[in-house]
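One structure is given here, and the rest of the page talks about it.
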Amino acid sequence: MSMHKAEQQKPVLDIKDFTVEVDGMEILHGLNLHIEGGEVHAIMGPNGTGKSTLASAIMGHPRFDITRGEVILNGEDLLSLSVDERARAGLFLGMQYPAEVSGVTNSDFLRSAVNARRETPLGVLPFLRQLNEAVSELEMRETLPDRYLNEGFSGGEKKRNEILQMKLLKPSIALLDEIDSGLDIDALRIVGQNITAMMEERGDQMGLLMITHYQRLLDYIQPQFVHVLMNGRIVHTGDATLAKRLEAEGYDWLRKELDLADEDGTDIAGDNEGELDADLDALFM
Ligand SMILES: Nc1ncnc2c1ncn2[C@@H]1O[C@H](COP(=O)(O)OP(=O)(O)OP(=O)(O)O)[C@@H](O)[C@H]1O
Ligand SMILES: [Mg+2]
């Protein structure tokens, strides 16, 4: 695929009948989602309903088996591509629990990731200029690029580092999985403002999907579409007001309205316990 072409056309990600298994257990049961450049989508939903599964399976994490459906980016079948090729095609995943990589500095990792997407590699000095500018816009510690990737980073530093990667990589479709969890109040604002500035700058060249439990992130990044993922499917789509209603009322009203069984056995998302659980999960990973 020509890199040039990918940079110019408005990106379109089409997910159809997406069905995903983990260890023989079906988590996503035929999910449909369509994201175009210039659009901001949010996905909300109770713990354990398959939100991270969706993001990781689109990116190509080998743990997930795609048993049905398709994921098409700009007419190209993403599911036949390796993770690297998906990244080169313009897909980016900001992870809920970013991995620590010892022996590779953050800066070296970023430069090879940036250069993998370019026809002619970016020289060290121009790269460092971009890196330093992004580090300063994100108000990150200046020493973070020289440390091993995520090693010993605080929870919030890891999340901010995912956004640093996104800023440098300039993806055409970005998936951000709970980018707000672990961020302090100021960091949430800084990250939110950086993402919004990037969306404005890229215009219709970038589409964004944010997975979040909390409306507060959406105060900084206005979504046009808010989807609810429950029982392995998108069961409801609304506008930004839907996130406010979910924050105030939880998910039970929607379950009743849609006559959904409580398949996930949990309705704690929306209060603070959900966040605590997610953080505990991170500890044990
Ligand atoms: N390796 C695995 N073996 C068995 N079940 C798994 C495995 N990985 C994930 N699951 C299950 O898949 C379901 C969906 O998990 P996923 O991480 O996608 O949820 P989520 O919607 O992102 O939840 P959260 O809001 O807590 O982040 C969960 O029930 C989880 O336990
Ligand atoms: Mg998750």
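Labels for the structure tokens follow display order: chains A, B, ..., residues from 1 in each chain, ligands from 1.
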Set out as a tab-separated table a contact list for chain A and ligand 2 with a cut-off of 8 Å, giving each residue of chain A that qualifies its closest atom pair and distance in Å to one decimal, counting only C-alpha atoms and all ligand atoms, ordered by chain and rising residue number.
```
residue	atom	partner	partner_atom_place_in_ligand_line	distance
A:Asn47	CA	ligand 2	1 (Mg)	7.0
A:Gly48	CA	ligand 2	1 (Mg)	6.9
A:Gly50	CA	ligand 2	1 (Mg)	7.0
A:Lys51	CA	ligand 2	1 (Mg)	5.3
A:Ser52	CA	ligand 2	1 (Mg)	4.0
A:Thr53	CA	ligand 2	1 (Mg)	7.2
A:Gln96	CA	ligand 2	1 (Mg)	6.3
A:Asp177	CA	ligand 2	1 (Mg)	6.7
A:Glu178	CA	ligand 2	1 (Mg)	7.1
A:Ile211	CA	ligand 2	1 (Mg)	7.9
A:Ala278	CA	ligand 2	1 (Mg)	7.8
```
Set the cut-off to 9 Å, count only C-alpha atoms and all ligand atoms, and list whatever residues fall near ligand 1 as a PDB file with N, CA and C atoms, in the first residue's frame.
```pdb
ATOM      1  N   GLU A  21     -13.046 -14.510  19.938  1.00  0.00           N
ATOM      2  CA  GLU A  21     -12.947 -15.473  21.036  1.00  0.00           C
ATOM      3  C   GLU A  21     -11.617 -15.337  21.758  1.00  0.00           C
ATOM      4  N   VAL A  22     -11.645 -15.581  23.052  1.00  0.00           N
ATOM      5  CA  VAL A  22     -10.417 -15.719  23.839  1.00  0.00           C
ATOM      6  C   VAL A  22     -10.460 -17.088  24.498  1.00  0.00           C
ATOM      7  N   ASP A  23      -9.431 -17.870  24.297  1.00  0.00           N
ATOM      8  CA  ASP A  23      -9.383 -19.217  24.875  1.00  0.00           C
ATOM      9  C   ASP A  23     -10.698 -19.972  24.676  1.00  0.00           C
ATOM     10  N   GLY A  24     -11.229 -19.903  23.481  1.00  0.00           N
ATOM     11  CA  GLY A  24     -12.434 -20.661  23.162  1.00  0.00           C
ATOM     12  C   GLY A  24     -13.728 -20.049  23.675  1.00  0.00           C
ATOM     13  N   MET A  25     -13.634 -18.907  24.362  1.00  0.00           N
ATOM     14  CA  MET A  25     -14.846 -18.261  24.858  1.00  0.00           C
ATOM     15  C   MET A  25     -15.151 -17.041  23.995  1.00  0.00           C
ATOM     16  N   GLU A  26     -16.372 -16.975  23.471  1.00  0.00           N
ATOM     17  CA  GLU A  26     -16.719 -15.844  22.615  1.00  0.00           C
ATOM     18  C   GLU A  26     -17.000 -14.605  23.462  1.00  0.00           C
ATOM     19  N   ILE A  27     -16.245 -13.519  23.193  1.00  0.00           N
ATOM     20  CA  ILE A  27     -16.390 -12.278  23.959  1.00  0.00           C
ATOM     21  C   ILE A  27     -17.192 -11.254  23.151  1.00  0.00           C
ATOM     22  N   LEU A  28     -16.855 -11.085  21.888  1.00  0.00           N
ATOM     23  CA  LEU A  28     -17.611 -10.172  21.026  1.00  0.00           C
ATOM     24  C   LEU A  28     -18.457 -11.008  20.072  1.00  0.00           C
ATOM     25  N   MET A  44     -18.546   3.288  25.891  1.00  0.00           N
ATOM     26  CA  MET A  44     -18.669   3.087  27.324  1.00  0.00           C
ATOM     27  C   MET A  44     -19.296   1.708  27.538  1.00  0.00           C
ATOM     28  N   GLY A  45     -19.245   1.225  28.764  1.00  0.00           N
ATOM     29  CA  GLY A  45     -19.866  -0.070  29.028  1.00  0.00           C
ATOM     30  C   GLY A  45     -19.304  -0.668  30.290  1.00  0.00           C
ATOM     31  N   PRO A  46     -20.081  -1.543  30.910  1.00  0.00           N
ATOM     32  CA  PRO A  46     -19.648  -2.153  32.173  1.00  0.00           C
ATOM     33  C   PRO A  46     -18.327  -2.906  32.041  1.00  0.00           C
ATOM     34  N   ASN A  47     -17.678  -3.153  33.157  1.00  0.00           N
ATOM     35  CA  ASN A  47     -16.433  -3.930  33.186  1.00  0.00           C
ATOM     36  C   ASN A  47     -16.654  -5.308  32.567  1.00  0.00           C
ATOM     37  N   GLY A  48     -15.677  -5.761  31.829  1.00  0.00           N
ATOM     38  CA  GLY A  48     -15.696  -7.134  31.334  1.00  0.00           C
ATOM     39  C   GLY A  48     -16.620  -7.384  30.160  1.00  0.00           C
ATOM     40  N   THR A  49     -17.083  -6.326  29.482  1.00  0.00           N
ATOM     41  CA  THR A  49     -18.020  -6.524  28.378  1.00  0.00           C
ATOM     42  C   THR A  49     -17.322  -6.672  27.034  1.00  0.00           C
ATOM     43  N   GLY A  50     -15.998  -6.443  27.000  1.00  0.00           N
ATOM     44  CA  GLY A  50     -15.272  -6.676  25.746  1.00  0.00           C
ATOM     45  C   GLY A  50     -14.706  -5.427  25.091  1.00  0.00           C
ATOM     46  N   LYS A  51     -14.624  -4.327  25.819  1.00  0.00           N
ATOM     47  CA  LYS A  51     -14.112  -3.082  25.231  1.00  0.00           C
ATOM     48  C   LYS A  51     -12.628  -3.188  24.871  1.00  0.00           C
ATOM     49  N   SER A  52     -11.822  -3.677  25.830  1.00  0.00           N
ATOM     50  CA  SER A  52     -10.391  -3.836  25.534  1.00  0.00           C
ATOM     51  C   SER A  52     -10.174  -4.938  24.511  1.00  0.00           C
ATOM     52  N   THR A  53     -11.022  -5.967  24.576  1.00  0.00           N
ATOM     53  CA  THR A  53     -10.954  -7.036  23.581  1.00  0.00           C
ATOM     54  C   THR A  53     -11.130  -6.461  22.183  1.00  0.00           C
ATOM     55  N   LEU A  54     -12.109  -5.579  22.032  1.00  0.00           N
ATOM     56  CA  LEU A  54     -12.351  -4.940  20.740  1.00  0.00           C
ATOM     57  C   LEU A  54     -11.110  -4.206  20.254  1.00  0.00           C
ATOM     58  N   ALA A  55     -10.554  -3.350  21.119  1.00  0.00           N
ATOM     59  CA  ALA A  55      -9.397  -2.540  20.718  1.00  0.00           C
ATOM     60  C   ALA A  55      -8.194  -3.429  20.384  1.00  0.00           C
ATOM     61  N   SER A  56      -7.915  -4.401  21.254  1.00  0.00           N
ATOM     62  CA  SER A  56      -6.736  -5.253  21.035  1.00  0.00           C
ATOM     63  C   SER A  56      -6.896  -6.137  19.801  1.00  0.00           C
ATOM     64  N   ARG A  63      -3.558 -12.978  21.058  1.00  0.00           N
ATOM     65  CA  ARG A  63      -4.363 -13.775  21.984  1.00  0.00           C
ATOM     66  C   ARG A  63      -5.800 -13.970  21.472  1.00  0.00           C
ATOM     67  N   PHE A  64      -6.233 -13.078  20.581  1.00  0.00           N
ATOM     68  CA  PHE A  64      -7.644 -13.088  20.187  1.00  0.00           C
ATOM     69  C   PHE A  64      -7.861 -13.814  18.858  1.00  0.00           C
ATOM     70  N   GLN A  96      -4.798   0.244  27.618  1.00  0.00           N
ATOM     71  CA  GLN A  96      -5.268   0.415  28.993  1.00  0.00           C
ATOM     72  C   GLN A  96      -4.124   0.147  29.976  1.00  0.00           C
ATOM     73  N   ASP A 177      -7.697   3.259  24.815  1.00  0.00           N
ATOM     74  CA  ASP A 177      -8.396   2.427  25.796  1.00  0.00           C
ATOM     75  C   ASP A 177      -8.169   2.983  27.203  1.00  0.00           C
ATOM     76  N   GLU A 178      -9.191   3.582  27.768  1.00  0.00           N
ATOM     77  CA  GLU A 178      -9.131   4.158  29.128  1.00  0.00           C
ATOM     78  C   GLU A 178      -7.881   5.011  29.323  1.00  0.00           C
ATOM     79  N   ILE A 211     -12.261   4.624  24.529  1.00  0.00           N
ATOM     80  CA  ILE A 211     -12.980   3.782  25.475  1.00  0.00           C
ATOM     81  C   ILE A 211     -12.842   4.449  26.838  1.00  0.00           C
ATOM     82  N   THR A 212     -13.940   4.678  27.498  1.00  0.00           N
ATOM     83  CA  THR A 212     -13.844   5.322  28.812  1.00  0.00           C
ATOM     84  C   THR A 212     -15.012   4.920  29.699  1.00  0.00           C
ATOM     85  N   HIS A 213     -14.790   4.990  31.004  1.00  0.00           N
ATOM     86  CA  HIS A 213     -15.879   4.754  31.952  1.00  0.00           C
ATOM     87  C   HIS A 213     -16.529   6.059  32.393  1.00  0.00           C
ATOM     88  N   LEU A 229     -21.278  -0.577  24.854  1.00  0.00           N
ATOM     89  CA  LEU A 229     -20.944  -1.970  24.568  1.00  0.00           C
ATOM     90  C   LEU A 229     -21.384  -2.814  25.753  1.00  0.00           C
ATOM     91  N   MET A 230     -22.330  -3.698  25.484  1.00  0.00           N
ATOM     92  CA  MET A 230     -22.779  -4.626  26.532  1.00  0.00           C
ATOM     93  C   MET A 230     -22.983  -5.990  25.909  1.00  0.00           C
ATOM     94  N   GLY A 232     -21.086  -8.005  24.626  1.00  0.00           N
ATOM     95  CA  GLY A 232     -20.317  -8.306  23.420  1.00  0.00           C
ATOM     96  C   GLY A 232     -20.790  -7.647  22.143  1.00  0.00           C
ATOM     97  N   ASP A 264     -23.011  -9.998  31.845  1.00  0.00           N
ATOM     98  CA  ASP A 264     -21.654  -9.738  32.331  1.00  0.00           C
ATOM     99  C   ASP A 264     -21.561  -9.853  33.845  1.00  0.00           C
ATOM    100  N   ALA A 269     -19.639  -0.387  36.767  1.00  0.00           N
ATOM    101  CA  ALA A 269     -19.025   0.722  36.033  1.00  0.00           C
ATOM    102  C   ALA A 269     -19.877   1.959  36.226  1.00  0.00           C
ATOM    103  N   GLY A 274     -15.469   0.690  39.961  1.00  0.00           N
ATOM    104  CA  GLY A 274     -15.005   0.233  38.658  1.00  0.00           C
ATOM    105  C   GLY A 274     -13.557   0.600  38.449  1.00  0.00           C
ATOM    106  N   GLU A 275     -13.246   1.853  38.757  1.00  0.00           N
ATOM    107  CA  GLU A 275     -11.884   2.348  38.597  1.00  0.00           C
ATOM    108  C   GLU A 275     -10.921   1.577  39.492  1.00  0.00           C
ATOM    109  N   ASP A 277     -11.212  -1.448  40.615  1.00  0.00           N
ATOM    110  CA  ASP A 277     -11.006  -2.778  40.059  1.00  0.00           C
ATOM    111  C   ASP A 277     -10.001  -2.746  38.929  1.00  0.00           C
ATOM    112  N   ALA A 278     -10.144  -1.730  38.060  1.00  0.00           N
ATOM    113  CA  ALA A 278      -9.237  -1.647  36.915  1.00  0.00           C
ATOM    114  C   ALA A 278      -7.810  -1.464  37.407  1.00  0.00           C
ATOM    115  N   ASP A 281      -6.501  -4.690  38.753  1.00  0.00           N
ATOM    116  CA  ASP A 281      -6.142  -5.561  37.632  1.00  0.00           C
ATOM    117  C   ASP A 281      -4.737  -5.227  37.156  1.00  0.00           C
TER     118      ASP A 281
END
```
Report as a ChimeraX atom specification all protein, DNA and RNA residues lying within 10 Å of segment 71-73 of chain A, evaluated on only C-alpha atoms, omitting residues in the same chain fewer than 5 positions from it.
/A:6,11-18,32-36,57-58,78-80,86,89-91,172-173
Got time to write the residues from that selection, C-alpha atoms, as a PDB file, in the first residue's frame?
```pdb
ATOM      1  CA  ALA A   6      -2.994   6.735   3.167  1.00  0.00           C
ATOM      2  CA  PRO A  11      -9.646   7.413   6.664  1.00  0.00           C
ATOM      3  CA  VAL A  12     -12.607   5.067   6.976  1.00  0.00           C
ATOM      4  CA  LEU A  13     -12.633   2.150   9.403  1.00  0.00           C
ATOM      5  CA  ASP A  14     -15.436  -0.321   8.913  1.00  0.00           C
ATOM      6  CA  ILE A  15     -16.003  -3.072  11.460  1.00  0.00           C
ATOM      7  CA  LYS A  16     -18.648  -5.605  10.512  1.00  0.00           C
ATOM      8  CA  ASP A  17     -20.045  -8.606  12.358  1.00  0.00           C
ATOM      9  CA  PHE A  18     -16.827  -8.692  14.396  1.00  0.00           C
ATOM     10  CA  ASN A  32     -20.574  -3.334  14.021  1.00  0.00           C
ATOM     11  CA  LEU A  33     -18.862   0.055  14.090  1.00  0.00           C
ATOM     12  CA  HIS A  34     -18.009   2.651  11.465  1.00  0.00           C
ATOM     13  CA  ILE A  35     -15.483   5.436  12.097  1.00  0.00           C
ATOM     14  CA  GLU A  36     -14.416   8.139   9.652  1.00  0.00           C
ATOM     15  CA  ALA A  57      -8.329  -7.509  18.424  1.00  0.00           C
ATOM     16  CA  ILE A  58      -8.547  -4.648  15.904  1.00  0.00           C
ATOM     17  CA  LEU A  78      -6.783  -5.229   8.259  1.00  0.00           C
ATOM     18  CA  LEU A  79      -7.273  -8.740   9.608  1.00  0.00           C
ATOM     19  CA  SER A  80      -4.875 -10.166   7.035  1.00  0.00           C
ATOM     20  CA  ARG A  86      -1.636  -2.351  10.745  1.00  0.00           C
ATOM     21  CA  ALA A  89      -1.563   1.449   7.585  1.00  0.00           C
ATOM     22  CA  GLY A  90      -2.298   4.211  10.117  1.00  0.00           C
ATOM     23  CA  LEU A  91      -3.865   2.380  13.062  1.00  0.00           C
ATOM     24  CA  SER A 172      -5.267   7.987  10.756  1.00  0.00           C
ATOM     25  CA  ILE A 173      -7.390   5.988  13.208  1.00  0.00           C
TER      26      ILE A 173
END
```
Hey, which of A:Leu176, A:Leu183, A:Arg88, A:Leu217 ends up closest to Glu119 of chain A? Count only C-alpha atoms.
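Ranking A:Leu176, A:Leu183, A:Arg88, A:Leu217 by distance to Glu119 of chain A, first place goes to A:Arg88.
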Leaving out Ala87 of chain A and any residue of its chain fewer than 5 positions from it, which residues lie within 8 Å of it when counting only C-alpha atoms, given as an NGL selection string?
:A and (59 or 92 or 117 or 171)
Could you give me, as a PyMOL selection string, the residues within 10 Å of Ala134 of chain A, counting only C-alpha atoms and dropping anything in the same chain fewer than 4 positions from it?
chain A and resi 128-130+138-140+163-168+194
Produce a file of the selected residues containing N, CA and C atoms, as a tab-separated table (two decimals), in the first residue's frame.
```tsv
chain	number	residue	atom	x	y	z
A	128	LEU	N	14.28	14.71	17.25
A	128	LEU	CA	14.38	15.20	18.63
A	128	LEU	C	13.63	16.52	18.83
A	129	ARG	N	13.65	17.35	17.79
A	129	ARG	CA	12.88	18.60	17.87
A	129	ARG	C	11.39	18.30	18.08
A	130	GLN	N	10.86	17.38	17.25
A	130	GLN	CA	9.44	17.02	17.38
A	130	GLN	C	9.16	16.39	18.75
A	138	LEU	N	2.89	18.17	26.37
A	138	LEU	CA	2.22	17.26	27.30
A	138	LEU	C	2.67	17.49	28.74
A	139	GLU	N	3.55	18.47	28.92
A	139	GLU	CA	4.08	18.80	30.25
A	139	GLU	C	4.61	17.56	30.95
A	140	MET	N	5.38	16.77	30.18
A	140	MET	CA	5.98	15.56	30.75
A	140	MET	C	7.37	15.89	31.30
A	163	ILE	N	-0.01	8.98	24.73
A	163	ILE	CA	-0.42	10.15	23.94
A	163	ILE	C	0.79	10.78	23.25
A	164	LEU	N	1.95	10.72	23.91
A	164	LEU	CA	3.18	11.18	23.26
A	164	LEU	C	3.41	10.38	21.97
A	165	GLN	N	3.26	9.06	22.07
A	165	GLN	CA	3.40	8.21	20.88
A	165	GLN	C	2.40	8.62	19.80
A	166	MET	N	1.17	8.83	20.22
A	166	MET	CA	0.13	9.18	19.24
A	166	MET	C	0.46	10.49	18.54
A	167	LYS	N	0.94	11.47	19.32
A	167	LYS	CA	1.26	12.77	18.73
A	167	LYS	C	2.35	12.65	17.66
A	168	LEU	N	3.34	11.79	17.94
A	168	LEU	CA	4.45	11.66	17.00
A	168	LEU	C	4.08	10.79	15.80
A	194	ASN	N	-4.55	18.17	24.59
A	194	ASN	CA	-3.63	17.74	23.54
A	194	ASN	C	-4.34	16.91	22.48
```
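Picture a line from atom CA of Asp219 of chain A to atom CA of Ala240 of chain A; it runs 9.4 Å.
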When you look at Leu254 of chain A with a cut-off of 10 Å (counting only C-alpha atoms), what residues show up, excluding the ones that are within fewer than 5 positions of it in the same chain? I need them as a VMD selection string.
chain A and resid 228 230 235 to 236 246 249 259 to 260
Within 9 Å of Val191 of chain A, counting only C-alpha atoms, which residues show up once you throw out same-chain ones fewer than 4 positions away? Write them as a ChimeraX atom specification, please.
/A:138,159-160,163,179-180,183,186-187,195-196,220
For a test of reading the model, state the distance in Å between atom CA of Lys244 of chain A and atom CA of His41 of chain A, rounded to one decimal.
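Pair atom CA of Lys244 of chain A / atom CA of His41 of chain A returns 14.7 Å.
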With distances taken over only C-alpha atoms, which residue among A:Gly192, A:Gly155, A:Pro223, A:Gly250 lies nearest Met95 of chain A?
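The answer is A:Gly155, which sits nearest to Met95 of chain A.
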Closest to Met199 of chain A among A:Asn74, A:Asn161, A:Ser181, A:Gln222, using only C-alpha atoms?
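Looking at the shortest contact to Met199 of chain A, the residue is A:Gln222.
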Mind listing the alpha helix (DSSP H) residues of segment 26-198 of chain A, per DSSP on the backbone, as a PyMOL selection string?
chain A and resi 51-59+83-88+106-116+124-137+155-169+185-198
Could you write out the selected residues, including C-alpha atoms, as an mmCIF file, in the first residue's frame?
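Here's the written file out03.cif:
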```cif
data_model
loop_
_atom_site.group_PDB
_atom_site.id
_atom_site.type_symbol
_atom_site.label_atom_id
_atom_site.label_comp_id
_atom_site.auth_asym_id
_atom_site.auth_seq_id
_atom_site.Cartn_x
_atom_site.Cartn_y
_atom_site.Cartn_z
ATOM 1 C CA LYS A 51 -14.112 -3.082 25.231
ATOM 2 C CA SER A 52 -10.391 -3.836 25.534
ATOM 3 C CA THR A 53 -10.954 -7.036 23.581
ATOM 4 C CA LEU A 54 -12.351 -4.940 20.740
ATOM 5 C CA ALA A 55 -9.397 -2.540 20.718
ATOM 6 C CA SER A 56 -6.736 -5.253 21.035
ATOM 7 C CA ALA A 57 -8.329 -7.509 18.424
ATOM 8 C CA ILE A 58 -8.547 -4.648 15.904
ATOM 9 C CA MET A 59 -4.854 -3.948 16.504
ATOM 10 C CA VAL A 83 0.429 -5.740 13.901
ATOM 11 C CA ASP A 84 3.315 -3.808 12.291
ATOM 12 C CA GLU A 85 1.510 -3.568 8.989
ATOM 13 C CA ARG A 86 -1.636 -2.351 10.745
ATOM 14 C CA ALA A 87 0.405 0.390 12.415
ATOM 15 C CA ARG A 88 1.918 1.327 9.069
ATOM 16 C CA ASN A 106 11.450 5.493 24.954
ATOM 17 C CA SER A 107 13.134 7.819 22.475
ATOM 18 C CA ASP A 108 14.610 4.998 20.331
ATOM 19 C CA PHE A 109 11.298 3.182 20.349
ATOM 20 C CA LEU A 110 9.471 6.310 19.222
ATOM 21 C CA ARG A 111 11.964 7.079 16.461
ATOM 22 C CA SER A 112 11.786 3.610 14.945
ATOM 23 C CA ALA A 113 7.988 3.650 15.195
ATOM 24 C CA VAL A 114 7.856 7.049 13.471
ATOM 25 C CA ASN A 115 10.295 5.967 10.771
ATOM 26 C CA ALA A 116 8.431 2.730 10.112
ATOM 27 C CA VAL A 124 17.915 12.399 14.584
ATOM 28 C CA LEU A 125 17.792 16.151 15.032
ATOM 29 C CA PRO A 126 14.398 16.817 13.427
ATOM 30 C CA PHE A 127 13.047 13.842 15.346
ATOM 31 C CA LEU A 128 14.384 15.202 18.634
ATOM 32 C CA ARG A 129 12.880 18.598 17.871
ATOM 33 C CA GLN A 130 9.440 17.016 17.382
ATOM 34 C CA LEU A 131 9.909 14.836 20.447
ATOM 35 C CA ASN A 132 10.895 17.728 22.698
ATOM 36 C CA GLU A 133 8.024 19.846 21.449
ATOM 37 C CA ALA A 134 5.519 17.050 22.150
ATOM 38 C CA VAL A 135 7.060 16.347 25.585
ATOM 39 C CA SER A 136 6.707 19.997 26.464
ATOM 40 C CA GLU A 137 3.121 20.254 25.150
ATOM 41 C CA GLY A 155 0.466 4.898 36.011
ATOM 42 C CA GLY A 156 -0.191 8.434 34.817
ATOM 43 C CA GLU A 157 3.219 8.737 33.138
ATOM 44 C CA LYS A 158 2.491 5.583 31.128
ATOM 45 C CA LYS A 159 -0.820 7.009 29.950
ATOM 46 C CA ARG A 160 0.721 10.336 29.006
ATOM 47 C CA ASN A 161 3.420 8.420 27.155
ATOM 48 C CA GLU A 162 0.765 6.703 25.028
ATOM 49 C CA ILE A 163 -0.419 10.150 23.940
ATOM 50 C CA LEU A 164 3.181 11.180 23.260
ATOM 51 C CA GLN A 165 3.397 8.205 20.877
ATOM 52 C CA MET A 166 0.131 9.177 19.243
ATOM 53 C CA LYS A 167 1.258 12.774 18.730
ATOM 54 C CA LEU A 168 4.445 11.664 16.999
ATOM 55 C CA LEU A 169 2.921 8.839 14.974
ATOM 56 C CA ILE A 185 -6.865 16.124 37.494
ATOM 57 C CA ASP A 186 -4.318 18.349 35.758
ATOM 58 C CA ALA A 187 -2.981 15.497 33.622
ATOM 59 C CA LEU A 188 -6.521 14.678 32.477
ATOM 60 C CA ARG A 189 -6.946 18.260 31.291
ATOM 61 C CA ILE A 190 -3.527 18.356 29.607
ATOM 62 C CA VAL A 191 -4.065 15.041 27.834
ATOM 63 C CA GLY A 192 -7.612 16.007 26.870
ATOM 64 C CA GLN A 193 -6.514 19.348 25.454
ATOM 65 C CA ASN A 194 -3.629 17.744 23.538
ATOM 66 C CA ILE A 195 -5.941 15.168 21.966
ATOM 67 C CA THR A 196 -8.480 17.819 21.009
ATOM 68 C CA ALA A 197 -5.758 20.066 19.553
ATOM 69 C CA MET A 198 -4.490 17.127 17.529
#
```
Just the number, please: distance in Å from atom CA of Leu149 of chain A to atom CA of Pro98 of chain A, one decimal.
9.5 Å
